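Colleague: Structure incoming, see below.
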Amino acid sequence: MKNWHQSPIEQIITVLRTDTQNGLLPEEVIQRQKQYGFNELAEKEKDSLLRKFFNQFKDFLVLILLAASVISVFIGEITDAFVIIAIVILNASLGVFQEAKAEKALEALKRMSAPSSKTIRDGKLIMIPSRELVPGDIVILEAGDYIPADIRIIETANLKVEEASLTGESAAVEKDHLTLEKDAPLGDRHNIGFMSTIVTYGRGKGIVVTTGMKTEIGKIAAMIQSLKEDSTPLQKKLKGFGKLLGGLGLAVCTVVFLVGIYNGYRSGTLDFQLVQSMLMISISLAVAAIPEGLPTVVTIVLALGMQRMAKKNAIVKKLHAVETLGSTTIICSDKTGTLTQNQMTVVKVTLGKRSFEITGEGYKPEGDFLFEGTKTDIDAEKDLDLLLLGAVLCNDAQLKEPSDTQNWTIIGDPTEGALLTVAAKGGKIKEQLHPYTRIAEIPFDSARKMMTTFHKMTNDQIIAFTKGAPDILLRNCTNIQIDGIIRFMAEEDIQIIQEGNQNLSSQALRVLAIAYREFDQVPENLNSSSIEQEMTFIGLLGMIDPARPEAKEAVTLCLSAGIRPIMITGDHPGTALAIAKDLGIATNEQQVLAGQDVNHLSKEQLQISVKDVTVFARVSPENKMSIIDALRTNGEIVAMTGDGVNDAPALKKAHIGIAMGITGTDVTKEAADMIVSDDNFATIVTAIEEGRVIFANIKKFIFFLLSCNASEVLVIFLAMVMGWPIPLLPIQLLWINLVTDAFPALALGIEKKEPNIMKTPPRAPDEPLLSKNMITMIAVQSIVMAVTVLAAFQYGLHTHNDDIAVGRTFAFVTLILSQIICAYSARSEHYSTFKLGFFSNTYLNLGAGLSFLLLLLSIYGPLHLIFKTIEPGTTELLAFILFAPIPFVATEICKFILNIRKANTF
């Protein structure tokens, strides 16, 4: 049976073969544990550490490098092989380290489960571990209990359950035993207690209907496990980029090798030595073509970005999530606790024709009462004073002062907490009202929707305050108090109150009414039908889980950055729309779609709807997944924020999942890619800005590395075509790519942000990694650099009696110096280096200095023997100084021409 909420209790008892008074027999429990298993969440088998390590070697570029190292061993180049393998292992270790911080969402779900349960078995009430529960068990629920499984409610006594983490419903839900319709949404199933939600009020009794992975939270666990990690836009681009570079490198290597073999065959000089020489040349080209340092530099730059973002309260768990933020086109945000405070707050009070606005945030008892924009003196308002007195006395909650780790909180029902807070704003502190000690009560129940408490006044009279649903309470009132005067309630008064109630409800406020009645003594028979009659009506209180003050500004920033915010919540459509309007996310009802409507849409219809709808209300976890999937299918880069268990699958499905650090559950935090430690929606916008900066900087150092590597390929290839000796040895190329290039590239990765970065639309998901202008500049820079290096190589040969070591030293030094200088040009594709200033990036100056120091170490002292270079004198150094700046000058001229052309197109 799937739809337990629509089945009568008698039918469920029959199907599960249980007894509501005596529960199950021990032998039946044992049999059902064999049939259903334990009431716990199954865990998916994880890859071993060794498997994770070997998975890192699936990258195309890594395979090429491994092949190059093997060939190097066979031809005797042991040093080259060792260096290549060391770099491959370093990159693999970094990858495993990232996976080691992997998801622990399932463990977090387990921690949320109730450790023990009060269960009736064999006619006795016993406490058992919750994992031992089986379908058919009878469970007793009390305030403070976690619900241990999915339970069909059969008895209630004012039972309220807080389900925000599962359904997104901000207020505690009143539970009952009544049968519901088949298509009732998750948040409206008032006769079901869901596993891992918490009882906040009253008592209840229920039959366990599903356990473990069959529960609603179990379904969420299954969704989390079934979702595969998707590559980020940057990872996809880098992977495609790597394949392209690797393919081109292999093609050039193959062509050069075959041409060399063919030439040897034609000339009759083909022998083992020639084959070995051609293999060496091919390896040189492979090493030159592949930017070995690229993965390492990307990892380091993203890690530095993580550190900067952590200082701004955005804790990124996965490196590539840093870049994904920068390409975000849509933020799907949960409402409760993310855009709102998850603290019910009284914001309006209506007394007859007069309406007061109440300021202040959350449960903090600070705020003013405003009438027509002017602060009100509570002492002068007898009706308001009495209303607040009733709100604080007819109340079972407690307002808790802040500690070192928490703000103001409440113990008990959130609605009653809101009443305590508004009363405290008016000077009515519960703990200070000793003369009004409660002496009797008629508890709240969901049938009559009222609660009454009795208190002795200073004149020995008894006053009974009643709070409840406005329409019901109004029917039981015969009088009304206006300006401190009690009079008979006329038809006009009833109409004014009803209009006030409708006005508050139309603003998506939850409305409560308060009335009172005086007695000479507490009645002997505390019967609702006789006592909650002939009361005097005082007024209405309207409350809501309000929007975070900073969220509105953050939404505005999102819109200006071309990012569309979408609200996805389990709350009611009216409440969701009211908050969305306040924040600027929606303007009308046409932009709202309910979860039931989502269920009836095909995938294609939903893909069309998500283009215009900005508020999805009353949705289930499955609905959230469908919405995220539709947005992704439309080509959007989706960020999803949330704090509840119900958000966890959607957080994993989105390109980037963002959890709230304070209100977020452990499940959500483990499923997320990023945690906002201050629960501030504005922090997400700051993180997006940082992501954009990081991506722009990644493009800069990719431009730098590619132009350098392309020049190296051209140097080797052109020398081979012209029949010259090889200008650069594999060990020299490795030194340049892995060490000398790395520091300037790393410095480019932490370049300062360019102006107006958050006033431009997000880049398109299919936008290439490099723009046409950058490709043009790469071509110009690499060609000019290759020609310059070859010229220096020939100059060294001709001036030093064709000494190959001298020629290679000239090529080696000229190439490194040219690349160091060209790093300054790579700082921007739009602005000249002279405009930016040579010394404005301190890190680049340090990186360039370190690279220059490494160059000196490689040509002076014992290291020059390893790199097979000479120690240059003054004459050689002057020649290097003349050759090295040529590519930089050519690149700056090219940049100037391209930007003039771009400016002329507007």
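To be explicit about the labels: the chains of the structure tokens are called A, B, and onward in the order shown, and within each one the residues are counted from 1, while ligands get numbers from 1 in the order they are shown.
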List every residue of range 408-473 of chain A that DSSP, applied to the backbone of this structure, places in helix (DSSP H, G or I), and write the result as a ChimeraX atom specification.
Modeller: /A:414-425,430-432,434-436,470-473
Colleague: Of the residues A:Leu593, A:Leu559, A:Leu302, A:Met785, which is the one nearest to Ile750 in chain A, using only C-alpha atoms?
Modeller: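 Using only C-alpha atoms, Ile750 in chain A sits closest to A:Leu302.
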Colleague: Using backbone DSSP assignments, extract all strand (DSSP E or B) residues from range 532-766 of chain A; output them as number ranges by chain.
Modeller: A: 535-544, 547, 564-568, 592-594, 615-617, 638-642, 656-660, 674-676
